[in-house]
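Chemist: Take a look at the following structure, please.
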Amino acid sequence: MNLKQIRIYSKTNMPKFIWCGMFVLLMIGSGNYGYSQDEGYHKSVINEGIKIDFTLTHIDPEKQPGVFTEGDDVLFRFAISDTITNAPLSGAFPAAWMDKVERHVNRTSCGDKVVSYIEGKLLSRAELDLNVYYVLTLNHDNTISVVDPLFGYGGSKLLHIIQLESTGYDWVTKENQTMIYVSMPEASQVAAIRASDWKVMANIPVGGKPKKILLQADEHYLWTTYSLQGNFEMNSGVAVIDTETNTLVKNIETGKGKHTMAMSDDNKYVYISNSDDGTISVIDAHTLEKIKDVKLNGVPHSMAYSSLAKALYVVNSQKGTLIAIDGTTHEVIKTMQAVKGIDKVAFAPGGRLAFVNNPTINTVDIFDVAVNRLIQTGDVAEQPDQITFTDEQAYIRHRGSEIIWMIPLDAIGQEGAAVPIIDFSGGAFPPSAGSPECGALGIVQAPGANAVLVSNYKDKVIYYYKEGMASTMGSFSTYGSFPKAVAVIDRSIEERNDGEYETVAKLRSSGTYSLALFLNVPLVMECFEITVLPDPVKEKARIETLLGPLIVKHFPVNSSPNIGDDVTLRFQLLDINTNEPVSGLSDVRVMQALFSKNTSEQTAATETHVDGVYEITTKFKEEGLYYVYVGCASHKLSFNNPQFITLYASKPKSQ
């Protein structure tokens, strides 16, 4: 059983608690644990010959290490190794869930918890599921939809609508899935969106209309091509944004016309095409200076960088050529002839085979960059417009057909051989039919499986296709939006380095949690108990909502008065924000409710000579338990606030 393939999609409504005066405490079973100024919380356990080093740290380096509060974005890291060989355990596919511990009920064993989570019972869904992914759609309007597929529960759920300043054109996500960047040409801005709560953190002006957007390998800079509003005759180029501060660092003019962009895989160079000039500008990614313009014999249309060949490959659509430019000398080293009308170039995993679609004659050309030669051509459906890849397949989307073509990557590469084609339907309409121009992908790989998600603009649907099947396995609505592109935010645990597994999540609410970790091979179940502090600001707001704007401070009173005796009930009203007495109120009333008969009566209170202190004198007429509430309509203090006292009125002993 592979938890990466099972996938349990779960969310839970958060119960609200008030935790007062608590210091954060992390208590995690048996084993070695402690706090480090660098690592925050760290725990090591050994189970079934497997060592698990668990650390929990803040994403924000300014946060106090080891102190976790509701709303914090945190990094879960599990380093897993074999205790005999000390070798990292790669390919382990761990799964984890985090749920509240109910102190006053019988505790469930760690193994039982894990089994209930895996079975996906609705009543056993964890508050925080670290094995989920969310689907984002870049819509025709100025929105992004965030959808929880909930495949395991037979439906989907719209989680959030992100409002943009204008329609998005392209987007990119940080490798750790914490930030999303969206280019917005009409707003001349790039949106920086925090993925933990889908909040737009900044709208960054770029001085032009941004389109293609890329993160460099170390993710320090975000690059976006831009053009000037309605003026291709003027020089434009690329804008550089600092991802730490979300501010514009520099605009680099590269040339005239439309621009596309590619990057070397070593963080050294950024390549910008200039259609009107017929050039490729080479930018030094460290100095942020243009170091060369490579002159082409024609108009650059699209381009991609090969990590294997260490070269840039540029499509000249008008002449039907694919041009290779050396990544070190930045000289043209080869021009490969195809047929006029070729459109976009994309590299299969590994960087050896370049796929180029031709919508004018409905073909896909395959170039081998190890020999810089066109080796195969496959006939596809009408107007192929986009090529994407999984580990196993190339997917060809068409603007003139609803059919998605697949090319098995392990069955190509032999020069002159026929290109094998497999197909399935991507909807009732061609997936991109009717869609405005968009730079983002309409087909992306689903996490943890050889499967893809396909956005269909006119259908207003995202389809789920698993490789090897004859048709799509499922779909979910985009809730009325027209999706131009689809992306995935993967919150599941991923192997970042050999034996090191990570994910990020937001601690949603305060309380004591049990973190359950599961490994299938070898079978390991381990639970860790974690207590999270309430956020002081949110806690204050919760208390204000619960209590109202006034604090009622009751003075001591005989809690067992006799029936018919005069009883003075005295209390002080304090402002909840300043804790200062509130005087001069003329509409303060006291309600006495007899519990046994569900009856009540109200009495107006008067202010004493002490500021903010009010009182009534009353008699209790019947025996029983009374609830005494204070209300004040002018200050929106209702009788149902929890600041009450109880008294029990009894018959005098002589009776």
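The way I read the labels, and the way they are meant: chains A, B, ... in the order of the structure tokens, residue 1 as the first residue of every chain, and ligand 1 as the first ligand shown, with later ones counted on from there.
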As a PyMOL selection string, which residues of segment 255-333 of chain A does DSSP assign to strand (DSSP E or B)?
Modeler: chain A and resi 255+261-263+269-274+279-284+289-295+302-306+311-316+321-326+332-333
Chemist: Nearest residue to Thr478 of chain A out of A:Glu495, A:Ile342, A:Pro436, A:Lys460, using only C-alpha atoms?
Modeler: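 Selected residue with least distance to Thr478 of chain A: A:Lys460.
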Chemist: Just list the residues in segment 98-216 of chain A DSSP gives alpha helix (DSSP H) on the backbone, as a list of chain:residue names.
Modeler: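 Output for segment 98-216 of chain A, alpha helix (DSSP H) only: A:Cys110, A:Gly111, A:Asp112, A:Lys113, A:Val114, A:Val115, A:Ser116, A:Tyr117, A:Ile118, A:Glu119.
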Chemist: Using only C-alpha atoms, determine which residues lie at most 12 Å from Ser264 of chain A, disregarding the query and same-chain residues fewer than 5 positions distant; provide the list as a PyMOL selection string.
Modeler: chain A and resi 214-218+269-272+282-285+303-313+325-328+330+351
